[in-house]
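Asker: The file below is work-v2.txt, compact mmCIF, C-alpha atoms (C1' of nucleotides):
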```txt
# COMPACT_ATOMS: atom_id res chain seq x y z
CA MET A 195 -124.35 -25.80 63.00
CA THR A 196 -126.03 -27.01 66.15
CA ASN A 197 -129.46 -25.42 66.53
CA GLU A 198 -130.97 -22.20 67.95
CA SER A 199 -129.31 -18.79 67.56
CA GLU A 200 -130.39 -17.86 64.09
CA LYS A 201 -128.22 -14.84 63.58
CA ASN A 202 -126.02 -14.99 66.64
CA HIS A 203 -123.32 -17.04 65.04
CA ARG A 204 -121.31 -13.85 65.00
CA ARG A 205 -121.69 -13.56 68.75
CA ALA A 206 -120.85 -17.22 69.26
CA ILE A 207 -117.71 -16.88 67.16
CA LEU A 208 -116.56 -13.81 69.09
CA ASP A 209 -117.21 -15.46 72.42
CA ALA A 210 -115.43 -18.62 71.39
CA ALA A 211 -112.46 -16.64 70.11
CA ARG A 212 -112.21 -14.66 73.33
CA GLN A 213 -112.49 -17.76 75.46
CA ILE A 214 -109.80 -19.61 73.54
CA LEU A 215 -107.64 -16.50 73.69
CA ILE A 216 -107.89 -16.35 77.47
CA GLN A 217 -107.42 -20.06 77.90
CA ASP A 218 -104.78 -20.94 75.36
CA GLY A 219 -103.24 -17.67 74.22
CA TYR A 220 -102.90 -16.15 70.81
CA LYS A 221 -100.63 -18.80 69.43
CA ASN A 222 -103.22 -21.48 69.94
CA LEU A 223 -106.18 -19.65 68.51
CA SER A 224 -107.13 -21.09 65.15
CA MET A 225 -110.17 -20.90 62.91
CA ARG A 226 -110.62 -24.65 63.16
CA LYS A 227 -110.56 -24.44 66.95
CA ILE A 228 -113.23 -21.73 66.94
CA ALA A 229 -115.26 -23.82 64.51
CA ARG A 230 -115.01 -26.88 66.74
CA GLN A 231 -116.06 -24.78 69.73
CA ILE A 232 -119.17 -23.41 68.04
CA GLY A 233 -119.92 -26.80 66.56
CA GLY A 234 -119.52 -25.77 62.94
CA SER A 235 -116.90 -26.04 60.26
CA GLN A 236 -114.08 -23.66 59.53
CA GLY A 237 -115.74 -22.41 56.36
CA THR A 238 -118.78 -21.20 58.29
CA ILE A 239 -116.77 -18.56 60.10
CA TYR A 240 -115.97 -16.94 56.79
CA LEU A 241 -119.67 -16.28 56.28
CA TYR A 242 -119.55 -13.94 59.26
CA PHE A 243 -116.01 -12.59 59.18
CA GLN A 244 -113.81 -11.76 56.27
CA ASN A 245 -110.80 -13.36 57.92
CA LYS A 246 -109.10 -14.01 61.23
CA ASP A 247 -108.04 -10.40 61.66
CA ALA A 248 -111.64 -9.24 61.31
CA ILE A 249 -112.48 -11.23 64.42
CA PHE A 250 -109.82 -9.29 66.30
CA TYR A 251 -111.08 -6.01 64.95
CA ALA A 252 -114.57 -6.84 66.17
CA LEU A 253 -113.22 -7.71 69.61
CA ILE A 254 -111.34 -4.41 69.74
CA ASP A 255 -114.53 -2.59 68.93
CA GLU A 256 -116.34 -4.38 71.70
CA GLY A 257 -113.57 -3.56 74.14
CA SER A 258 -113.58 0.12 73.18
CA GLU A 259 -117.32 0.25 73.60
CA LYS A 260 -117.09 -1.37 76.99
CA LEU A 261 -114.46 1.07 78.21
CA TYR A 262 -116.37 4.04 76.87
CA GLY A 263 -119.48 2.79 78.66
CA LEU A 264 -117.58 2.58 81.94
CA TYR A 265 -116.41 6.16 81.55
CA GLU A 266 -119.92 7.34 80.75
CA THR A 267 -121.35 5.63 83.80
CA ILE A 268 -118.77 7.23 86.04
CA LEU A 269 -119.18 10.69 84.58
CA ASN A 270 -122.96 10.49 84.75
CA THR A 271 -122.73 9.85 88.46
CA PRO A 272 -122.65 13.26 90.13
CA ALA A 273 -119.39 13.98 91.92
CA GLU A 274 -116.59 16.50 92.08
CA PRO A 275 -114.61 16.57 88.83
CA GLN A 276 -111.48 15.57 90.74
CA GLU A 277 -113.33 12.56 92.02
CA HIS A 278 -114.44 11.79 88.45
CA LEU A 279 -110.86 12.00 87.27
CA THR A 280 -109.54 9.61 89.87
CA ARG A 281 -112.37 7.20 89.19
CA ILE A 282 -111.88 7.05 85.45
CA CYS A 283 -108.18 6.42 85.94
CA GLN A 284 -108.97 3.57 88.29
CA ALA A 285 -111.58 2.34 85.86
CA TYR A 286 -109.07 2.32 83.01
CA ILE A 287 -106.55 0.30 84.96
CA ASN A 288 -109.17 -2.08 86.31
CA PHE A 289 -110.60 -2.55 82.86
CA GLY A 290 -107.19 -3.53 81.59
CA LEU A 291 -106.40 -5.88 84.44
CA GLU A 292 -109.81 -7.52 84.53
CA ASN A 293 -110.12 -7.95 80.79
CA PRO A 294 -106.60 -8.79 79.75
CA SER A 295 -107.84 -10.58 76.67
CA TYR A 296 -109.66 -7.48 75.48
CA TYR A 297 -106.83 -5.26 76.56
CA GLU A 298 -104.08 -7.22 74.93
CA ILE A 299 -106.03 -7.42 71.72
CA MET A 300 -106.77 -3.73 71.87
CA HIS A 301 -103.28 -2.50 72.55
CA ILE A 302 -100.54 -4.98 72.67
CA THR A 303 -101.09 -7.69 70.21
CA LEU A 304 -102.35 -6.27 67.03
CA PRO A 305 -100.14 -3.77 65.32
CA MET A 306 -97.39 -6.22 64.71
CA MET A 307 -99.25 -9.31 63.97
CA THR A 308 -102.13 -8.36 61.82
CA GLU A 309 -102.28 -6.10 58.84
CA ARG A 310 -102.57 -2.46 59.82
CA PHE A 311 -105.76 -1.70 61.59
CA PRO A 312 -108.43 0.34 59.78
CA LYS A 313 -107.95 3.97 60.78
CA GLU A 314 -111.62 4.57 61.46
CA GLN A 315 -111.52 1.85 64.07
CA TYR A 316 -108.50 3.34 65.80
CA ARG A 317 -110.40 6.58 66.01
CA ARG A 318 -113.36 4.95 67.67
CA ALA A 319 -111.09 3.15 70.11
CA ARG A 320 -109.90 6.60 71.16
CA ARG A 321 -113.30 8.07 72.02
CA PHE A 322 -112.74 7.69 75.75
CA LEU A 323 -109.99 10.29 75.39
CA GLU A 324 -112.57 12.94 74.66
CA LEU A 325 -114.31 12.18 77.93
CA THR A 326 -110.94 12.35 79.68
CA ALA A 327 -110.14 15.71 78.11
CA GLN A 328 -113.52 17.08 79.20
CA THR A 329 -112.95 15.90 82.73
CA LEU A 330 -109.53 17.54 82.83
CA GLN A 331 -111.06 20.78 81.58
CA THR A 332 -113.70 20.70 84.28
CA CYS A 333 -111.04 20.12 86.92
CA ALA A 334 -109.00 23.03 85.63
CA ALA A 335 -112.08 25.25 85.45
CA GLN A 336 -112.72 24.68 89.12
CA LYS A 337 -109.29 26.03 89.86
CA GLY A 338 -110.06 29.03 87.66
CA GLU A 339 -107.70 27.78 84.97
CA THR A 340 -108.10 26.74 81.35
CA LEU A 341 -106.10 24.02 79.71
CA SER A 342 -104.72 25.11 76.37
CA GLU A 343 -104.34 21.54 75.13
CA PRO A 344 -106.74 19.30 77.02
CA TYR A 345 -106.58 16.57 74.40
CA LEU A 346 -102.81 16.40 74.61
CA GLU A 347 -103.02 16.24 78.38
CA ALA A 348 -105.59 13.47 78.15
CA THR A 349 -103.21 11.59 75.89
CA LEU A 350 -100.39 12.04 78.40
CA LEU A 351 -102.60 10.61 81.08
CA TRP A 352 -103.58 7.73 78.84
CA ALA A 353 -99.98 6.91 78.03
CA THR A 354 -99.13 6.68 81.70
CA MET A 355 -102.09 4.43 82.50
CA HIS A 356 -101.41 2.30 79.46
CA GLY A 357 -97.78 1.97 80.46
CA VAL A 358 -98.62 0.51 83.85
CA VAL A 359 -101.39 -1.72 82.60
CA SER A 360 -99.42 -3.17 79.74
CA LEU A 361 -96.33 -3.83 81.84
CA ILE A 362 -98.43 -5.52 84.50
CA ILE A 363 -100.32 -7.66 82.00
CA ALA A 364 -97.11 -8.63 80.29
CA GLN A 365 -95.75 -9.60 83.72
CA ARG A 366 -92.78 -7.35 83.26
CA ILE A 367 -92.99 -5.67 86.64
CA ASP A 368 -90.58 -6.87 89.30
CA ILE A 369 -92.52 -9.26 91.51
CA ARG A 370 -90.95 -7.75 94.60
CA LEU A 371 -92.96 -4.57 94.02
CA ASP A 372 -96.41 -4.18 95.50
CA ARG A 373 -98.81 -3.98 92.61
CA GLU A 374 -101.50 -2.04 94.44
CA ARG A 375 -99.03 0.54 95.57
CA LEU A 376 -97.64 0.91 92.08
CA ILE A 377 -101.11 1.54 90.69
CA GLU A 378 -102.05 3.92 93.46
CA GLN A 379 -98.83 5.89 92.99
CA THR A 380 -99.26 5.97 89.24
CA ILE A 381 -102.72 7.48 89.53
CA HIS A 382 -101.57 9.86 92.22
CA ARG A 383 -98.61 11.17 90.25
CA ALA A 384 -100.50 11.36 86.99
CA THR A 385 -103.49 13.25 88.34
CA SER A 386 -101.98 15.40 91.11
CA HIS A 387 -101.37 18.12 88.55
CA TYR A 388 -105.10 18.56 88.11
CA LEU A 389 -106.40 18.15 91.65
CA MET B 82 -74.76 -22.25 53.22
CA THR B 83 -73.09 -19.61 51.14
CA ASN B 84 -69.51 -19.11 52.22
CA GLU B 85 -67.60 -16.97 54.76
CA SER B 86 -68.84 -16.40 58.32
CA GLU B 87 -67.75 -19.61 60.00
CA LYS B 88 -69.48 -19.22 63.32
CA ASN B 89 -71.58 -16.18 62.65
CA HIS B 90 -74.58 -18.03 61.38
CA ARG B 91 -76.17 -17.06 64.64
CA ARG B 92 -75.58 -13.43 63.86
CA ALA B 93 -76.85 -13.83 60.32
CA ILE B 94 -80.03 -15.50 61.52
CA LEU B 95 -80.69 -12.75 64.05
CA ASP B 96 -80.07 -10.04 61.49
CA ALA B 97 -82.26 -11.72 58.92
CA ALA B 98 -85.03 -12.17 61.46
CA ARG B 99 -84.87 -8.56 62.48
CA GLN B 100 -84.85 -7.35 58.91
CA ILE B 101 -87.85 -9.44 57.94
CA LEU B 102 -89.60 -8.30 61.08
CA ILE B 103 -89.12 -4.66 60.15
CA GLN B 104 -90.02 -5.20 56.52
CA ASP B 105 -92.89 -7.64 56.65
CA GLY B 106 -94.09 -7.73 60.23
CA TYR B 107 -94.40 -10.60 62.64
CA LYS B 108 -97.03 -12.43 60.70
CA ASN B 109 -94.75 -12.87 57.75
CA LEU B 110 -91.70 -14.02 59.63
CA SER B 111 -91.10 -17.70 59.12
CA MET B 112 -88.22 -20.05 59.63
CA ARG B 113 -88.21 -20.86 55.94
CA LYS B 114 -88.03 -17.17 55.09
CA ILE B 115 -85.10 -16.65 57.42
CA ALA B 116 -83.43 -19.69 55.87
CA ARG B 117 -83.94 -18.34 52.36
CA GLN B 118 -82.50 -15.00 53.44
CA ILE B 119 -79.34 -16.48 54.89
CA GLY B 120 -79.07 -18.89 51.98
CA GLY B 121 -79.50 -22.06 53.99
CA SER B 122 -82.25 -24.51 54.70
CA GLN B 123 -84.85 -24.39 57.46
CA GLY B 124 -83.19 -27.19 59.39
CA THR B 125 -79.94 -25.25 59.70
CA ILE B 126 -81.52 -22.66 61.93
CA TYR B 127 -82.27 -25.35 64.47
CA LEU B 128 -78.55 -25.96 64.86
CA TYR B 129 -78.25 -22.45 66.29
CA PHE B 130 -81.59 -21.88 67.98
CA GLN B 131 -83.83 -24.30 69.77
CA ASN B 132 -86.93 -22.90 68.11
CA LYS B 133 -88.52 -19.77 66.73
CA ASP B 134 -89.15 -18.30 70.17
CA ALA B 135 -85.47 -18.62 71.02
CA ILE B 136 -84.69 -16.22 68.19
CA PHE B 137 -87.00 -13.68 69.79
CA TYR B 138 -85.43 -14.23 73.17
CA ALA B 139 -82.01 -13.58 71.71
CA LEU B 140 -83.22 -10.38 70.07
CA ILE B 141 -84.70 -9.23 73.36
CA ASP B 142 -81.40 -9.84 75.05
CA GLU B 143 -79.60 -7.81 72.43
CA GLY B 144 -82.09 -4.99 72.81
CA SER B 145 -81.75 -4.98 76.59
CA GLU B 146 -77.99 -4.93 76.30
CA LYS B 147 -78.13 -2.04 73.86
CA LEU B 148 -80.41 0.00 76.10
CA TYR B 149 -78.31 -0.71 79.16
CA GLY B 150 -75.24 0.40 77.24
CA LEU B 151 -76.89 3.68 76.32
CA TYR B 152 -77.71 4.33 79.95
CA GLU B 153 -74.18 3.50 81.04
CA THR B 154 -72.69 5.86 78.47
CA ILE B 155 -74.93 8.70 79.61
CA LEU B 156 -74.29 8.13 83.29
CA ASN B 157 -70.54 7.86 82.76
CA THR B 158 -70.54 11.29 81.17
CA PRO B 159 -70.16 13.79 84.02
CA ALA B 160 -73.20 16.01 84.49
CA GLU B 161 -75.71 17.11 87.09
CA PRO B 162 -77.90 14.18 88.17
CA GLN B 163 -80.97 16.07 86.96
CA GLU B 164 -79.33 16.33 83.57
CA HIS B 165 -78.58 12.61 83.70
CA LEU B 166 -82.20 11.89 84.50
CA THR B 167 -83.55 13.89 81.60
CA ARG B 168 -81.03 12.34 79.26
CA ILE B 169 -81.82 8.75 80.15
CA CYS B 170 -85.51 9.44 79.69
CA GLN B 171 -84.83 10.88 76.27
CA ALA B 172 -82.56 7.97 75.52
CA TYR B 173 -85.25 5.47 76.45
CA ILE B 174 -87.82 7.07 74.19
CA ASN B 175 -85.37 7.50 71.34
CA PHE B 176 -84.25 3.93 71.68
CA GLY B 177 -87.84 2.79 71.34
CA LEU B 178 -88.64 5.00 68.40
CA GLU B 179 -85.43 4.32 66.53
CA ASN B 180 -85.46 0.57 67.08
CA PRO B 181 -89.11 -0.31 66.85
CA SER B 182 -88.32 -3.85 65.85
CA TYR B 183 -86.26 -4.36 68.99
CA TYR B 184 -88.74 -2.47 71.08
CA GLU B 185 -91.81 -4.28 69.86
CA ILE B 186 -90.13 -7.60 70.37
CA MET B 187 -88.98 -6.57 73.81
CA HIS B 188 -92.29 -5.28 75.10
CA ILE B 189 -95.26 -5.58 72.88
CA THR B 190 -95.17 -8.74 70.96
CA LEU B 191 -94.03 -11.52 73.10
CA PRO B 192 -96.08 -12.36 76.13
CA MET B 193 -99.14 -13.31 74.16
CA MET B 194 -97.63 -15.01 71.26
CA THR B 195 -94.84 -17.11 72.57
CA GLU B 196 -94.67 -19.36 75.54
CA ARG B 197 -93.89 -17.51 78.73
CA PHE B 198 -90.54 -15.89 78.65
CA PRO B 199 -87.79 -17.32 80.86
CA LYS B 200 -87.80 -15.34 84.13
CA GLU B 201 -84.05 -14.90 84.16
CA GLN B 202 -84.27 -13.08 80.85
CA TYR B 203 -86.98 -10.74 82.10
CA ARG B 204 -84.74 -9.89 84.98
CA ARG B 205 -81.87 -9.00 82.72
CA ALA B 206 -84.13 -6.89 80.53
CA ARG B 207 -84.89 -4.88 83.65
CA ARG B 208 -81.32 -4.03 84.55
CA PHE B 209 -81.63 -0.48 83.25
CA LEU B 210 -84.13 0.12 86.06
CA GLU B 211 -81.37 -0.18 88.60
CA LEU B 212 -79.46 2.60 86.88
CA THR B 213 -82.65 4.66 86.84
CA ALA B 214 -83.23 4.09 90.55
CA GLN B 215 -79.67 5.14 91.32
CA THR B 216 -80.07 8.31 89.30
CA LEU B 217 -83.28 9.16 91.09
CA GLN B 218 -81.54 8.63 94.42
CA THR B 219 -78.73 10.95 93.42
CA CYS B 220 -81.23 13.61 92.38
CA ALA B 221 -83.05 13.31 95.68
CA ALA B 222 -79.78 13.39 97.61
CA GLN B 223 -78.92 16.72 96.02
CA LYS B 224 -82.14 18.12 97.42
CA GLY B 225 -81.26 16.69 100.79
CA GLU B 226 -83.92 14.03 100.51
CA THR B 227 -83.90 10.25 100.46
CA LEU B 228 -86.29 8.15 98.42
CA SER B 229 -87.80 5.37 100.47
CA GLU B 230 -88.63 3.30 97.39
CA PRO B 231 -86.33 4.31 94.55
CA TYR B 232 -86.95 1.10 92.63
CA LEU B 233 -90.70 1.65 92.71
CA GLU B 234 -90.22 5.20 91.52
CA ALA B 235 -87.97 4.02 88.73
CA THR B 236 -90.68 1.59 87.70
CA LEU B 237 -93.26 4.40 87.69
CA LEU B 238 -91.00 6.40 85.43
CA TRP B 239 -90.48 3.39 83.18
CA ALA B 240 -94.20 2.75 82.90
CA THR B 241 -94.79 6.31 81.76
CA MET B 242 -92.01 6.21 79.17
CA HIS B 243 -93.12 2.81 77.97
CA GLY B 244 -96.69 4.04 77.65
CA VAL B 245 -95.75 6.83 75.29
CA VAL B 246 -93.32 4.80 73.27
CA SER B 247 -95.63 1.86 72.78
CA LEU B 248 -98.61 4.00 71.82
CA ILE B 249 -96.49 5.92 69.33
CA ILE B 250 -95.01 2.79 67.80
CA ALA B 251 -98.43 1.19 67.55
CA GLN B 252 -99.61 4.37 65.82
CA ARG B 253 -102.36 4.79 68.33
CA ILE B 254 -101.73 8.46 69.02
CA ASP B 255 -104.02 10.96 67.32
CA ILE B 256 -102.16 12.27 64.30
CA ARG B 257 -103.33 15.81 65.08
CA LEU B 258 -101.08 15.86 68.13
CA ASP B 259 -97.51 17.05 67.86
CA ARG B 260 -95.33 14.08 68.65
CA GLU B 261 -92.32 16.08 69.81
CA ARG B 262 -94.45 18.08 72.19
CA LEU B 263 -96.05 14.94 73.55
CA ILE B 264 -92.66 13.44 74.27
CA GLU B 265 -91.28 16.63 75.76
CA GLN B 266 -94.32 17.00 78.01
CA THR B 267 -94.15 13.37 79.05
CA ILE B 268 -90.55 13.70 80.18
CA HIS B 269 -91.24 17.01 81.84
CA ARG B 270 -94.20 15.72 83.82
CA ALA B 271 -92.55 12.46 84.73
CA THR B 272 -89.30 13.96 85.96
CA SER B 273 -90.37 17.32 87.42
CA HIS B 274 -90.90 15.62 90.75
CA TYR B 275 -87.18 14.93 91.01
CA LEU B 276 -85.67 18.11 89.61
C1' DG C 74 -147.31 -31.93 45.19
C1' DG C 75 -143.72 -30.47 42.11
C1' DT C 76 -140.23 -27.26 40.56
C1' DG C 77 -136.82 -23.55 40.61
C1' DT C 78 -134.07 -20.48 43.22
C1' DT C 79 -131.59 -19.02 46.94
C1' DC C 80 -128.25 -19.34 50.35
C1' DA C 81 -126.24 -20.91 54.93
C1' DG C 82 -123.24 -24.49 55.77
C1' DT C 83 -119.70 -27.92 54.56
C1' DG C 84 -115.16 -29.95 54.18
C1' DA C 85 -111.64 -31.28 50.76
C1' DA C 86 -107.89 -28.90 48.75
C1' DC C 87 -104.11 -25.41 48.46
C1' DA C 88 -100.19 -23.21 49.95
C1' DC C 89 -98.13 -22.17 53.74
C1' DC C 90 -96.26 -22.93 58.70
C1' DG C 91 -92.77 -24.91 62.86
C1' DT C 92 -90.29 -28.77 63.82
C1' DT C 93 -87.91 -33.38 63.41
C1' DC C 94 -84.63 -36.52 61.72
C1' DA C 95 -82.60 -39.89 58.38
C1' DT C 96 -79.58 -38.85 55.04
C1' DT C 97 -75.88 -36.49 52.64
C1' DT C 98 -72.04 -33.34 52.43
C1' DT C 99 -68.12 -31.10 54.39
C1' DT C 100 -64.49 -30.72 57.64
C1' DT C 101 -61.19 -32.57 60.64
C1' DA C 102 -57.61 -35.73 62.27
C1' DC C 103 -54.59 -39.14 61.42
C1' DG D 12 -56.12 -41.21 51.44
C1' DT D 13 -59.29 -42.55 54.56
C1' DA D 14 -62.12 -42.85 58.62
C1' DA D 15 -64.65 -40.36 62.08
C1' DA D 16 -67.06 -36.29 63.43
C1' DA D 17 -69.61 -32.24 62.51
C1' DA D 18 -72.60 -29.49 59.80
C1' DA D 19 -76.15 -28.97 56.64
C1' DT D 20 -79.99 -30.63 54.18
C1' DG D 21 -84.81 -31.22 52.80
C1' DA D 22 -88.62 -34.59 52.87
C1' DA D 23 -92.18 -35.55 55.98
C1' DC D 24 -95.62 -34.69 59.86
C1' DG D 25 -99.28 -32.43 61.64
C1' DG D 26 -100.74 -28.19 62.00
C1' DT D 27 -102.34 -23.32 59.97
C1' DG D 28 -105.60 -19.56 57.14
C1' DT D 29 -108.34 -19.38 53.34
C1' DT D 30 -111.07 -20.77 49.10
C1' DC D 31 -114.68 -22.83 46.63
C1' DA D 32 -117.46 -26.52 44.40
C1' DC D 33 -120.88 -28.66 46.44
C1' DT D 34 -125.00 -29.91 49.59
C1' DG D 35 -129.47 -29.64 51.24
C1' DA D 36 -132.94 -27.06 53.69
C1' DA D 37 -136.23 -23.23 53.08
C1' DC D 38 -139.06 -20.66 50.43
C1' DA D 39 -142.06 -18.93 46.37
C1' DC D 40 -144.71 -19.96 42.64
C1' DC D 41 -147.43 -22.97 39.73
```
Show the structure stored in the file as structure tokens.

Answerer:
Amino acid sequence: MTNESEKNHRRAILDAARQILIQDGYKNLSMRKIARQIGGSQGTIYLYFQNKDAIFYALIDEGSEKLYGLYETILNTPAEPQEHLTRICQAYINFGLENPSYYEIMHITLPMMTERFPKEQYRRARRFLELTAQTLQTCAAQKGETLSEPYLEATLLWATMHGVVSLIIAQRIDIRLDRERLIEQTIHRATSHYL
Amino acid sequence: MTNESEKNHRRAILDAARQILIQDGYKNLSMRKIARQIGGSQGTIYLYFQNKDAIFYALIDEGSEKLYGLYETILNTPAEPQEHLTRICQAYINFGLENPSYYEIMHITLPMMTERFPKEQYRRARRFLELTAQTLQTCAAQKGETLSEPYLEATLLWATMHGVVSLIIAQRIDIRLDRERLIEQTIHRATSHYL
DNA sequence: GGTGTTCAGTGAACACCGTTCATTTTTTAC
DNA sequence: GTAAAAAATGAACGGTGTTCACTGAACACC
């Protein structure tokens, strides 16, 4: 190993992996490449991660944490619940589009190509849904209503957002369509029920 | 090679690839494994496909064709346009859930792990959207309305359906939720605007 | 200082991978 | 029956993820 960073090899490995992922794609991410990037040898990585998949799992965790943090920040800023709802939807989509490497790892890439993901980790990656469900409840409450299945409704909302984000990232959307308008319409349609 | 099937090595390779994909996942699909399965050698496959990615491309094409066929069958069966709309939405979701290997290859797997997909092929995989747009137009027409951007609206609908299907396939949906209800609600919410 | 123990770090080695291509086998055409 | 063409092979190349016997620096104790 080079020098400094006593215990931050883990961090360095994760950063290197993410950088390579962005730059060269999944197919070109290898343990040896990460090792070269951090200035160590391939064996070293195995002192910090059980295997290649574990690196992905760690990145997913980081991504989930990041998204959850964004939601918390928004919801801790005082505003009408409807405003909160719109903002978290925008935040979700922006998060996906601005962090495609996180997003792809979190949602698109993994299930097929690694062994099945530890359940506990899936659960944590879903924490933002609880915040969504709460927000939906608050919106409904303001209209004098109560949602009988807020968590299901949050999941519906999630699915819609995820659909747009993943199709955009995968470049599957017809280029003739205006991306901004598509996003705006998606949010509008998906949330209008609660406004 | 074994015997029979003069020119259907292509078919055999595709079937073998799909079977291995279902059984062992992407990570365990290799050219040598396909070769073993069809009873040939690894080099043989290269007589029928340029490389491993080309096998995926062919499977995507098959999947697109299959989906388009389903849509055509539904739309050629006389019914109210609203009925058509609901049916194609159901068909899309069912197609995804019943053919996860096709679906994952078509939408989830590829962009990250292979070189960028030929544009022409993406276009063909999107043909079903034109049928969707038409159906939406017909629905609107019956209400005396005209959609200014039917293709955008079809894409919105697609994104929503894709969101649910991909989250379900990836097993990301909370197991406490009722899957049937989630699907039913998704279709209901996504189409109610046009009914 | 010397000695023993620990442990992060190494990189050769193993069994695989996708892909190429000289060679062999099979089929076809005469 | 034989020559030409086509199809199929599998060894070889340079990569992969992962393991593990080994190194050598750091520390504790005498």

Asker: In Å, with one decimal, what is the gap from CA of Ala139 in chain B to CA of Ile174 in chain B?

Answerer: 21.6 Å

Asker: Would you pick out the contacts of DC38 in chain D at 12 Å or less, using all atoms listed in the file, so that residues sharing its chain but fewer than 2 positions from it are not included, and give the list as a list of chain:residue names?

Answerer: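 Neighbouring residues, sequence-local ones excluded: C:DT76, C:DG77, C:DT78, C:DT79, C:DC80, D:DA36, D:DC40.
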
Asker: Would you compute the distance between CA of Asp218 in chain A and CA of Lys260 in chain A? Give it in Å to one decimal.

Answerer: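 It comes out at 23.2 Å.
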
Asker: Wanna dump the chain C-chain A contacts at 12 Å for me, each residue with its shortest atom pair and the distance in Å to one decimal, counting all atoms listed in the file, ordered by chain and number, as JSON lines?

Answerer:
```
{"residue": "C:DC80", "atom": "C1'", "partner": "A:Leu241", "partner_atom": "CA", "distance": 10.9}
{"residue": "C:DA81", "atom": "C1'", "partner": "A:Leu241", "partner_atom": "CA", "distance": 8.2}
{"residue": "C:DG82", "atom": "C1'", "partner": "A:Thr238", "partner_atom": "CA", "distance": 6.1}
{"residue": "C:DT83", "atom": "C1'", "partner": "A:Ser235", "partner_atom": "CA", "distance": 6.6}
{"residue": "C:DG84", "atom": "C1'", "partner": "A:Ser235", "partner_atom": "CA", "distance": 7.4}
{"residue": "C:DA85", "atom": "C1'", "partner": "A:Gly237", "partner_atom": "CA", "distance": 11.3}
{"residue": "C:DG91", "atom": "C1'", "partner": "A:Lys221", "partner_atom": "CA", "distance": 11.9}
```

Asker: Identify all chain A residues at most 9 Å from chain D by counting all atoms listed in the file; ligands do not count. Present them as a PyMOL selection string.

Answerer: chain A and resi 224-226+237+240+245-246

Asker: Dump as a Markdown table the rows for residues of chain B within 8 Å of chain A: closest atom pair and distance in Å with one decimal, all atoms listed in the file counted, ordered by chain and rising residue number.

Answerer:
```
| residue | atom | partner | partner_atom | distance |
| --- | --- | --- | --- | --- |
| B:Gly106 | CA | A:Met306 | CA | 5.8 |
| B:Tyr107 | CA | A:Met307 | CA | 5.2 |
| B:Lys108 | CA | A:Met307 | CA | 5.0 |
| B:Glu185 | CA | A:Met306 | CA | 7.8 |
| B:His188 | CA | A:Ala364 | CA | 7.8 |
| B:Ile189 | CA | A:Ile302 | CA | 5.3 |
| B:Thr190 | CA | A:Thr303 | CA | 6.1 |
| B:Pro192 | CA | A:Ala364 | CA | 5.7 |
| B:Met193 | CA | A:Tyr220 | CA | 5.8 |
| B:Met194 | CA | A:Lys221 | CA | 5.2 |
| B:Thr195 | CA | A:Lys221 | CA | 6.8 |
| B:Tyr203 | CA | A:Arg366 | CA | 6.8 |
| B:Arg204 | CA | A:Asp368 | CA | 7.9 |
| B:Leu233 | CA | A:Leu371 | CA | 6.7 |
| B:Thr236 | CA | A:Ile367 | CA | 7.7 |
| B:Leu237 | CA | A:Thr380 | CA | 6.4 |
| B:Trp239 | CA | A:Gly357 | CA | 7.9 |
| B:Ala240 | CA | A:Gly357 | CA | 4.4 |
| B:Thr241 | CA | A:Thr354 | CA | 4.4 |
| B:Met242 | CA | A:Gly357 | CA | 7.3 |
| B:His243 | CA | A:Gly357 | CA | 5.3 |
| B:Gly244 | CA | A:Gly357 | CA | 3.7 |
| B:Val245 | CA | A:Ala353 | CA | 5.0 |
| B:Ser247 | CA | A:Gly357 | CA | 8.0 |
| B:Leu248 | CA | A:Ala353 | CA | 7.0 |
| B:Ala251 | CA | A:Pro305 | CA | 5.7 |
| B:Arg253 | CA | A:Tyr316 | CA | 6.8 |
| B:Ile254 | CA | A:Thr349 | CA | 7.7 |
| B:Asp255 | CA | A:Arg317 | CA | 7.8 |
| B:Leu258 | CA | A:Leu346 | CA | 6.7 |
| B:Leu263 | CA | A:Leu346 | CA | 7.0 |
| B:Gln266 | CA | A:Leu350 | CA | 7.8 |
| B:Thr267 | CA | A:Leu350 | CA | 6.4 |
```

Asker: If I take CA of Cys333 in chain A and CA of Thr385 in chain A, how far is one from the other in Å, to one decimal?

Answerer: 10.3 Å

Asker: Report as an mmCIF file with C-alpha atoms, keeping the file's coordinate frame all protein, DNA and RNA residues lying within 12 Å of Gln100 in chain B, evaluated on all atoms listed in the file, omitting residues in the same chain fewer than 5 positions from it.

Answerer:
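Produced file out_6.cif, reproduced below:
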```cif
data_model
loop_
_atom_site.group_PDB
_atom_site.id
_atom_site.type_symbol
_atom_site.label_atom_id
_atom_site.label_comp_id
_atom_site.auth_asym_id
_atom_site.auth_seq_id
_atom_site.Cartn_x
_atom_site.Cartn_y
_atom_site.Cartn_z
ATOM 1 C CA ALA B 93 -76.850 -13.830 60.320
ATOM 2 C CA ILE B 94 -80.030 -15.500 61.520
ATOM 3 C CA LEU B 95 -80.690 -12.750 64.050
ATOM 4 C CA ASP B 105 -92.890 -7.640 56.650
ATOM 5 C CA GLY B 106 -94.090 -7.730 60.230
ATOM 6 C CA TYR B 107 -94.400 -10.600 62.640
ATOM 7 C CA ASN B 109 -94.750 -12.870 57.750
ATOM 8 C CA LEU B 110 -91.700 -14.020 59.630
ATOM 9 C CA LYS B 114 -88.030 -17.170 55.090
ATOM 10 C CA ILE B 115 -85.100 -16.650 57.420
ATOM 11 C CA GLN B 118 -82.500 -15.000 53.440
ATOM 12 C CA ILE B 119 -79.340 -16.480 54.890
ATOM 13 C CA LEU B 140 -83.220 -10.380 70.070
ATOM 14 C CA ASN B 180 -85.460 0.570 67.080
ATOM 15 C CA PRO B 181 -89.110 -0.310 66.850
ATOM 16 C CA SER B 182 -88.320 -3.850 65.850
ATOM 17 C CA TYR B 183 -86.260 -4.360 68.990
#
```
